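Structure file input-v6.txt (compact mmCIF, C-alpha atoms) follows.
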# COMPACT_ATOMS: atom_id res chain seq x y z
CA MET A 1 20.03 -13.30 19.37
CA SER A 2 19.00 -14.43 15.92
CA ARG A 3 15.36 -15.30 15.35
CA PRO A 4 14.11 -17.60 12.60
CA ALA A 5 12.44 -15.82 9.69
CA VAL A 6 9.76 -18.48 9.41
CA HIS A 7 7.47 -18.98 12.39
CA PRO A 8 5.34 -22.03 12.91
CA VAL A 9 1.66 -21.32 12.47
CA ASP A 10 -1.16 -23.25 14.08
CA ALA A 11 -2.88 -25.35 11.47
CA PRO A 12 -6.68 -24.83 11.37
CA PRO A 13 -8.45 -27.65 13.18
CA MET A 14 -9.56 -30.36 10.77
CA THR A 15 -13.11 -30.77 12.00
CA PHE A 16 -15.92 -31.87 9.74
CA GLU A 17 -18.80 -29.53 10.39
CA ALA A 18 -22.29 -30.42 9.32
CA PRO A 19 -23.34 -28.14 6.44
CA ARG A 20 -25.53 -25.29 7.61
CA VAL A 21 -29.13 -25.61 6.56
CA ARG A 22 -29.91 -22.41 4.68
CA MET A 23 -33.29 -21.02 3.74
CA LYS A 24 -31.85 -20.31 0.30
CA ASP A 25 -31.71 -24.01 -0.63
CA VAL A 26 -35.46 -24.67 -0.39
CA HIS A 27 -36.97 -26.66 -3.26
CA GLY A 28 -38.87 -24.35 -5.56
CA MET A 29 -36.31 -21.57 -5.54
CA PRO A 30 -34.90 -20.49 -8.92
CA GLY A 31 -32.16 -22.83 -10.04
CA THR A 32 -33.61 -25.94 -8.37
CA ILE A 33 -35.51 -28.87 -9.87
CA GLY A 34 -38.59 -27.80 -7.91
CA GLY A 35 -38.29 -24.27 -9.28
CA LEU A 36 -38.07 -25.55 -12.84
CA PHE A 37 -41.12 -27.76 -12.24
CA LEU A 38 -43.11 -24.76 -10.94
CA ARG A 39 -42.09 -22.68 -13.98
CA LEU A 40 -43.14 -25.42 -16.40
CA CYS A 41 -46.51 -25.76 -14.61
CA GLN A 42 -47.08 -22.00 -14.86
CA PHE A 43 -46.13 -22.02 -18.55
CA VAL A 44 -48.30 -25.00 -19.48
CA PHE A 45 -51.40 -23.73 -17.63
CA ALA A 46 -51.00 -20.23 -19.09
CA VAL A 47 -50.56 -21.54 -22.65
CA VAL A 48 -53.57 -23.87 -22.33
CA SER A 49 -55.67 -20.95 -21.01
CA LEU A 50 -54.49 -18.77 -23.91
CA CYS A 51 -55.27 -21.45 -26.52
CA VAL A 52 -58.71 -22.30 -25.10
CA MET A 53 -59.75 -18.64 -24.90
CA THR A 54 -58.51 -17.75 -28.39
CA THR A 55 -60.43 -20.67 -29.94
CA THR A 56 -63.73 -19.06 -28.89
CA SER A 57 -65.00 -16.84 -31.68
CA ASP A 58 -66.57 -14.14 -29.49
CA PHE A 59 -63.89 -13.45 -26.87
CA PRO A 60 -62.87 -10.07 -28.42
CA SER A 61 -66.34 -8.67 -27.67
CA VAL A 62 -65.71 -8.84 -23.89
CA THR A 63 -62.99 -6.62 -22.41
CA ALA A 64 -62.22 -9.00 -19.53
CA PHE A 65 -61.58 -11.91 -21.92
CA ARG A 66 -59.25 -9.79 -24.08
CA TYR A 67 -57.44 -8.83 -20.88
CA LEU A 68 -57.21 -12.50 -19.87
CA VAL A 69 -55.56 -13.34 -23.20
CA ALA A 70 -53.02 -10.53 -22.69
CA ALA A 71 -52.31 -11.50 -19.07
CA VAL A 72 -51.79 -15.22 -19.68
CA GLY A 73 -49.72 -14.34 -22.76
CA LEU A 74 -47.41 -12.27 -20.57
CA GLN A 75 -47.42 -14.98 -17.89
CA SER A 76 -46.42 -17.69 -20.36
CA PHE A 77 -43.63 -15.51 -21.79
CA TRP A 78 -42.28 -14.74 -18.29
CA SER A 79 -42.51 -18.35 -17.08
CA LEU A 80 -40.81 -19.68 -20.21
CA SER A 81 -37.94 -17.19 -19.80
CA LEU A 82 -37.45 -18.17 -16.16
CA ALA A 83 -37.70 -21.88 -17.03
CA LEU A 84 -34.86 -21.40 -19.53
CA ALA A 85 -32.85 -19.54 -16.87
CA ASP A 86 -33.47 -22.43 -14.46
CA ILE A 87 -32.33 -24.97 -17.05
CA TYR A 88 -29.15 -22.96 -17.59
CA ALA A 89 -28.53 -22.69 -13.82
CA LEU A 90 -29.09 -26.43 -13.38
CA SER A 91 -26.77 -27.27 -16.29
CA VAL A 92 -23.88 -25.24 -14.82
CA ARG A 93 -24.81 -26.35 -11.26
CA ARG A 94 -25.18 -22.81 -9.92
CA ARG A 95 -27.90 -20.98 -7.99
CA PHE A 96 -29.18 -17.44 -8.39
CA ARG A 97 -27.95 -15.64 -5.26
CA HIS A 98 -27.25 -12.10 -6.48
CA VAL A 99 -29.60 -9.70 -4.72
CA GLY A 100 -30.42 -7.83 -7.95
CA VAL A 101 -31.38 -11.03 -9.79
CA VAL A 102 -33.53 -12.32 -6.92
CA SER A 103 -35.22 -8.89 -6.64
CA LEU A 104 -35.96 -8.93 -10.38
CA PHE A 105 -37.44 -12.43 -10.11
CA ALA A 106 -39.54 -11.48 -7.06
CA ILE A 107 -40.88 -8.28 -8.66
CA GLY A 108 -41.58 -10.01 -11.99
CA ASP A 109 -43.36 -12.87 -10.25
CA GLY A 110 -45.39 -10.43 -8.17
CA VAL A 111 -46.46 -8.38 -11.19
CA THR A 112 -47.30 -11.28 -13.53
CA SER A 113 -49.11 -13.28 -10.84
CA THR A 114 -51.19 -10.22 -9.83
CA LEU A 115 -52.15 -9.55 -13.47
CA THR A 116 -53.02 -13.21 -14.09
CA PHE A 117 -55.08 -13.39 -10.88
CA ALA A 118 -56.95 -10.17 -11.75
CA ALA A 119 -57.73 -11.46 -15.25
CA ALA A 120 -58.86 -14.82 -13.91
CA CYS A 121 -61.15 -13.15 -11.34
CA ALA A 122 -62.69 -10.83 -13.92
CA SER A 123 -63.29 -13.74 -16.32
CA ALA A 124 -64.73 -15.83 -13.50
CA GLY A 125 -67.14 -13.01 -12.58
CA ILE A 126 -68.37 -12.75 -16.17
CA THR A 127 -68.56 -16.51 -16.69
CA VAL A 128 -70.70 -16.86 -13.55
CA LEU A 129 -72.82 -13.89 -14.69
CA ILE A 130 -73.48 -15.50 -18.09
CA GLY A 131 -73.90 -19.05 -16.81
CA ASN A 132 -75.71 -18.72 -13.45
CA ASP A 133 -77.21 -15.24 -13.18
CA MET A 134 -78.41 -14.76 -16.79
CA ASP A 135 -78.59 -18.47 -17.74
CA LYS A 136 -77.41 -17.84 -21.31
CA CYS A 137 -75.00 -20.73 -21.74
CA ASN A 138 -76.97 -21.96 -24.76
CA VAL A 139 -75.75 -19.00 -26.84
CA ASN A 140 -72.25 -18.70 -25.30
CA HIS A 141 -69.12 -20.85 -25.03
CA CYS A 142 -69.52 -21.26 -21.25
CA THR A 143 -67.44 -24.42 -21.03
CA LYS A 144 -64.51 -22.88 -22.86
CA PHE A 145 -64.70 -19.68 -20.83
CA MET A 146 -64.74 -21.73 -17.63
CA SER A 147 -61.81 -23.90 -18.75
CA ALA A 148 -59.70 -20.87 -19.71
CA THR A 149 -60.51 -19.21 -16.37
CA ALA A 150 -59.65 -22.35 -14.40
CA MET A 151 -56.33 -22.71 -16.25
CA ALA A 152 -55.49 -19.06 -15.50
CA PHE A 153 -56.24 -19.67 -11.80
CA LEU A 154 -53.98 -22.76 -11.84
CA SER A 155 -51.21 -20.72 -13.48
CA TRP A 156 -51.56 -18.10 -10.74
CA PHE A 157 -51.57 -20.85 -8.12
CA ALA A 158 -48.26 -22.18 -9.46
CA THR A 159 -46.74 -18.67 -9.56
CA SER A 160 -47.49 -17.88 -5.91
CA PRO A 161 -44.89 -20.29 -4.39
CA SER A 162 -42.20 -18.86 -6.68
CA PHE A 163 -43.08 -15.33 -5.61
CA ILE A 164 -43.27 -16.17 -1.90
CA LEU A 165 -39.96 -18.08 -1.91
CA ASN A 166 -38.14 -15.32 -3.82
CA PHE A 167 -39.57 -12.64 -1.55
CA TRP A 168 -38.72 -14.65 1.57
CA SER A 169 -35.12 -15.27 0.45
CA LEU A 170 -34.81 -11.56 -0.33
CA ALA A 171 -36.07 -10.57 3.13
CA SER A 172 -34.06 -13.18 5.05
CA ARG A 173 -30.63 -12.39 3.56
CA MET B 1 -9.50 -15.74 57.91
CA SER B 2 -12.99 -14.31 57.86
CA ARG B 3 -14.32 -13.08 54.52
CA PRO B 4 -17.07 -10.55 54.11
CA ALA B 5 -20.41 -11.97 53.09
CA VAL B 6 -21.10 -9.10 50.75
CA HIS B 7 -18.69 -8.64 47.83
CA PRO B 8 -18.39 -5.49 45.80
CA VAL B 9 -19.72 -5.92 42.27
CA ASP B 10 -18.62 -3.94 39.23
CA ALA B 11 -21.33 -1.51 38.27
CA PRO B 12 -22.33 -1.78 34.60
CA PRO B 13 -20.75 1.01 32.54
CA MET B 14 -23.08 3.97 32.20
CA THR B 15 -22.69 4.53 28.47
CA PHE B 16 -25.47 5.95 26.32
CA GLU B 17 -25.60 3.82 23.18
CA ALA B 18 -27.42 5.04 20.12
CA PRO B 19 -30.55 2.92 19.58
CA ARG B 20 -30.05 0.29 16.89
CA VAL B 21 -32.02 0.92 13.73
CA ARG B 22 -34.14 -2.21 13.25
CA MET B 23 -36.25 -3.25 10.30
CA LYS B 24 -39.02 -3.91 12.79
CA ASP B 25 -39.49 -0.21 13.48
CA VAL B 26 -40.55 0.77 9.95
CA HIS B 27 -43.59 3.05 9.76
CA GLY B 28 -46.64 1.09 8.76
CA MET B 29 -45.91 -1.93 10.96
CA PRO B 30 -48.58 -2.92 13.51
CA GLY B 31 -48.32 -0.78 16.61
CA THR B 32 -47.06 2.34 14.81
CA ILE B 33 -48.89 5.53 13.82
CA GLY B 34 -48.37 4.62 10.14
CA GLY B 35 -49.84 1.17 10.75
CA LEU B 36 -52.90 2.66 12.41
CA PHE B 37 -53.32 5.11 9.51
CA LEU B 38 -53.19 2.22 6.99
CA ARG B 39 -55.77 0.26 9.00
CA LEU B 40 -58.13 3.22 9.14
CA CYS B 41 -57.76 3.76 5.36
CA GLN B 42 -58.57 0.10 4.71
CA PHE B 43 -61.57 0.25 7.02
CA VAL B 44 -62.99 3.49 5.57
CA PHE B 45 -62.60 2.39 1.92
CA ALA B 46 -64.11 -1.03 2.64
CA VAL B 47 -67.08 0.46 4.51
CA VAL B 48 -67.73 3.04 1.77
CA SER B 49 -67.60 0.26 -0.85
CA LEU B 50 -70.02 -1.84 1.22
CA CYS B 51 -72.46 1.06 1.69
CA VAL B 52 -72.39 2.15 -1.96
CA MET B 53 -72.96 -1.41 -3.21
CA THR B 54 -75.77 -2.19 -0.78
CA THR B 55 -77.66 0.99 -1.75
CA THR B 56 -78.13 -0.36 -5.30
CA SER B 57 -81.38 -2.28 -5.51
CA ASP B 58 -80.21 -4.94 -7.97
CA PHE B 59 -76.85 -6.05 -6.57
CA PRO B 60 -78.20 -9.41 -5.24
CA SER B 61 -78.99 -10.50 -8.80
CA VAL B 62 -75.26 -10.64 -9.69
CA THR B 63 -73.06 -13.20 -7.91
CA ALA B 64 -69.91 -11.09 -8.19
CA PHE B 65 -71.58 -8.11 -6.50
CA ARG B 66 -72.86 -10.30 -3.64
CA TYR B 67 -69.31 -11.63 -3.28
CA LEU B 68 -67.96 -8.05 -3.24
CA VAL B 69 -70.30 -7.18 -0.37
CA ALA B 70 -69.13 -10.24 1.59
CA ALA B 71 -65.44 -9.56 0.90
CA VAL B 72 -65.44 -5.87 1.84
CA GLY B 73 -67.54 -6.75 4.89
CA LEU B 74 -64.85 -9.18 6.03
CA GLN B 75 -62.15 -6.66 5.14
CA SER B 76 -63.77 -3.88 7.19
CA PHE B 77 -64.22 -6.21 10.19
CA TRP B 78 -60.56 -7.34 10.01
CA SER B 79 -59.20 -3.81 9.54
CA LEU B 80 -61.29 -2.44 12.41
CA SER B 81 -60.06 -5.21 14.73
CA LEU B 82 -56.42 -4.52 13.81
CA ALA B 83 -56.95 -0.77 14.16
CA LEU B 84 -58.22 -1.34 17.73
CA ALA B 85 -55.18 -3.54 18.42
CA ASP B 86 -52.93 -0.76 17.07
CA ILE B 87 -54.64 1.83 19.30
CA TYR B 88 -54.10 -0.43 22.31
CA ALA B 89 -50.43 -1.01 21.39
CA LEU B 90 -49.88 2.72 20.94
CA SER B 91 -51.60 3.54 24.24
CA VAL B 92 -49.35 1.16 26.22
CA ARG B 93 -46.31 2.11 24.06
CA ARG B 94 -45.58 -1.47 23.00
CA ARG B 95 -45.01 -3.13 19.62
CA PHE B 96 -46.18 -6.52 18.38
CA ARG B 97 -43.01 -8.61 18.19
CA HIS B 98 -44.21 -12.12 19.08
CA VAL B 99 -43.72 -14.40 16.07
CA GLY B 100 -47.17 -15.97 16.45
CA VAL B 101 -48.93 -12.60 16.50
CA VAL B 102 -46.99 -11.29 13.48
CA SER B 103 -47.71 -14.56 11.60
CA LEU B 104 -51.41 -14.22 12.39
CA PHE B 105 -51.43 -10.62 11.14
CA ALA B 106 -49.51 -11.55 7.96
CA ILE B 107 -51.80 -14.51 7.15
CA GLY B 108 -54.95 -12.52 7.91
CA ASP B 109 -53.78 -9.61 5.77
CA GLY B 110 -52.86 -11.97 2.94
CA VAL B 111 -56.24 -13.74 3.00
CA THR B 112 -58.44 -10.62 3.33
CA SER B 113 -56.48 -8.63 0.73
CA THR B 114 -56.63 -11.53 -1.76
CA LEU B 115 -60.41 -11.88 -1.24
CA THR B 116 -60.97 -8.11 -1.60
CA PHE B 117 -58.79 -7.96 -4.72
CA ALA B 118 -60.60 -10.91 -6.29
CA ALA B 119 -64.00 -9.35 -5.57
CA ALA B 120 -62.89 -5.98 -6.94
CA CYS B 121 -61.57 -7.59 -10.14
CA ALA B 122 -64.75 -9.59 -10.69
CA SER B 123 -66.90 -6.49 -10.13
CA ALA B 124 -64.68 -4.45 -12.43
CA GLY B 125 -65.01 -7.07 -15.17
CA ILE B 126 -68.82 -7.00 -14.90
CA THR B 127 -69.00 -3.20 -14.65
CA VAL B 128 -66.90 -2.85 -17.82
CA LEU B 129 -69.04 -5.53 -19.50
CA ILE B 130 -72.26 -3.65 -18.67
CA GLY B 131 -70.90 -0.17 -19.34
CA ASN B 132 -68.56 -0.55 -22.33
CA ASP B 133 -69.21 -3.87 -24.04
CA MET B 134 -73.03 -3.99 -23.77
CA ASP B 135 -73.63 -0.24 -23.31
CA LYS B 136 -76.50 -0.76 -20.89
CA CYS B 137 -75.71 1.92 -18.32
CA ASN B 138 -79.12 3.50 -18.87
CA VAL B 139 -80.84 0.56 -17.12
CA ASN B 140 -78.11 -0.15 -14.52
CA HIS B 141 -76.44 1.68 -11.63
CA CYS B 142 -73.11 1.88 -13.46
CA THR B 143 -71.81 4.82 -11.43
CA LYS B 144 -72.52 3.13 -8.12
CA PHE B 145 -71.02 -0.17 -9.29
CA MET B 146 -67.91 1.68 -10.46
CA SER B 147 -67.59 3.61 -7.19
CA ALA B 148 -67.96 0.47 -5.07
CA THR B 149 -65.35 -1.32 -7.21
CA ALA B 150 -62.94 1.60 -7.01
CA MET B 151 -63.30 1.76 -3.22
CA ALA B 152 -62.66 -1.98 -2.95
CA PHE B 153 -59.48 -1.55 -5.04
CA LEU B 154 -58.36 1.30 -2.77
CA SER B 155 -59.00 -0.86 0.30
CA TRP B 156 -56.85 -3.62 -1.25
CA PHE B 157 -54.20 -1.03 -2.12
CA ALA B 158 -54.04 0.05 1.54
CA THR B 159 -53.88 -3.56 2.76
CA SER B 160 -50.90 -4.51 0.59
CA PRO B 161 -48.28 -2.47 2.53
CA SER B 162 -49.48 -3.99 5.81
CA PHE B 163 -49.17 -7.48 4.37
CA ILE B 164 -45.75 -6.87 2.79
CA LEU B 165 -44.32 -5.27 5.97
CA ASN B 166 -45.62 -8.07 8.21
CA PHE B 167 -44.33 -10.74 5.84
CA TRP B 168 -40.97 -9.00 5.55
CA SER B 169 -40.55 -8.66 9.31
CA LEU B 170 -41.49 -12.33 9.69
CA ALA B 171 -38.87 -13.41 7.12
CA SER B 172 -36.10 -11.12 8.38
CA ARG B 173 -36.27 -12.13 12.04
Starting from the file, give its structure as structure tokens.
Amino acid sequence: MSRPAVHPVDAPPMTFEAPRVRMKDVHGMPGTIGGLFLRLCQFVFAVVSLCVMTTTSDFPSVTAFRYLVAAVGLQSFWSLSLALADIYALSVRRRFRHVGVVSLFAIGDGVTSTLTFAAACASAGITVLIGNDMDKCNVNHCTKFMSATAMAFLSWFATSPSFILNFWSLASR
Amino acid sequence: MSRPAVHPVDAPPMTFEAPRVRMKDVHGMPGTIGGLFLRLCQFVFAVVSLCVMTTTSDFPSVTAFRYLVAAVGLQSFWSLSLALADIYALSVRRRFRHVGVVSLFAIGDGVTSTLTFAAACASAGITVLIGNDMDKCNVNHCTKFMSATAMAFLSWFATSPSFILNFWSLASR
């Protein structure tokens, strides 16, 4: 008995499944509009903090203020780089899904946000010491110190969602 | 035809499967020996920091030092509570797997470690200001301030793995 060389094959059923909701598509992740917005917030707050602190004449005499300038400088550089990466990802309509890239983003966010937070806390401690405890605001730039510290805190506050979302997407893959 | 009321049932196969390696069983999680060790480290460092800072006579005059005392007090209370929970879990040979309990632990660890870190950074900024920038260690308890700050940093350092492991196990479930 001869058998045909070509066998009929069941066609896959043509059902329209609802797209699966994935944790990876949350707004604020790298490569989304929300992520780009977070990066720009971080960058703007860090740059404003840097500019306000460097316009005071006596910031180099205090170690914590020099450290704040270094930390928000690093934060602004990191946030600007990631904002550019987000713009590129949005322009080619892709997301960052590679585990190495997401790990790098999560570690970088963790390190820069910790440094910025530490610098902001140290500056806040000294600003409160000068302003409230020693009451020497008449001979110091208290307002500028406070503004720079507040901007550094806001930059840290905008970095935290990026870090948490990256870390969460890394853990849940 | 009469049928018997009791039917024979296939016995489940008596195979000995190797236990699955789960992320949830990492050392350092709540309910493990490593987790208990981390909690005791956090508690001891926080209590030492609290005791060293409160033995200085002039800590209430600086806001950041008062805040450090409050933060390490909260940290020691939280770590002691979780250490007792770990001892209970170890004694009944159970782990904490309920999502609500793990969320509570992760949020509590995140809040207390952030507060302790902020207090340690503020105290460090002021200690460096007094010791290096103003060179007034002869009239201040620089050594005690430094020791209390270092202990607070160590307490934060021991809290971070607990937080990261809880957060990871929450995200990966």
**Request:** For range 144-158 of chain A, work out the shell of residues within 8 Å, counting all atoms listed in the file and skipping chain neighbours fewer than 5 positions away, then give it as an MDAnalysis selection string.
**Result:** chainID A and resid 38:39 41:46 48:50 52:53 56 72 113:114 116:117 119:121 123:124 127
Counting all atoms listed in the file, give me one row per residue of chain A with an atom at most 6 Å from an atom of chain B, showing the shortest contact pair and its distance in Å to one decimal, sorted by chain then residue number, as CSV.
residue,atom,partner,partner_atom,distance
A:Ala64,CA,B:Gly125,CA,5.5
A:Ala118,CA,B:Cys121,CA,5.5
A:Cys121,CA,B:Ala122,CA,5.1
A:Ala122,CA,B:Ala122,CA,4.0
A:Gly125,CA,B:Ala122,CA,4.6
A:Ile126,CA,B:Ile126,CA,5.9
A:Trp168,CA,B:Ala171,CA,5.7
A:Ala171,CA,B:Ser172,CA,5.3
A:Ser172,CA,B:Ser172,CA,4.4
**Request:** Over all C-alpha atoms, paired in order, superpose chain B onto chain A by least squares and report how large the RMSD is in Å.
**Result:**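 Computed value for the CA RMSD is 1.3 Å.
Among the candidate residues B:Asn138, B:Leu82, B:Gly110, B:Val92, the one lying nearest to Met29 in chain B is B:Leu82, with distances computed using all atoms listed in the file.
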**Item:** B:Thr159, B:Asn140, B:Thr55, B:Ser91 ranked by distance to Ser76 in chain B, top pick (using only C-alpha atoms)
**Value:**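 When distances to Ser76 in chain B are compared using only C-alpha atoms, the smallest one comes from B:Thr159.
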**Message:** So the first atom is CA of His27 in chain A and the second is CA of Ser162 in chain B; what is the distance between them in Å, to one decimal place?
**Reply:** 27.4 Å
**Message:** Could you tell me how far CA of Leu74 in chain A sits from CA of His98 in chain A, in Å to one decimal place?
**Reply:**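 Value for the CA of His98 in chain A-CA of Leu74 in chain A distance: 24.6 Å.
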**Message:** So the first atom is CA of Gly131 in chain B and the second is CA of Asp135 in chain A; what is the distance between them in Å, to one decimal place?
**Reply:** 19.9 Å
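If you measure from each of B:Thr54, B:Asn166, B:Ser79, B:Thr143 to Ser103 in chain B using all atoms listed in the file, the closest one turns out to be B:Asn166.
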Would you place a box with edges along x, y and z of the file around all atoms of range 30-35 of chain A listed there, add 4 Å to each of its six sides, and report the centre and edge lengths in Å to one decimal, as JSON?
{"center_x": -35.4, "center_y": -24.7, "center_z": -9.0, "size_x": 14.4, "size_y": 16.4, "size_z": 10.1}
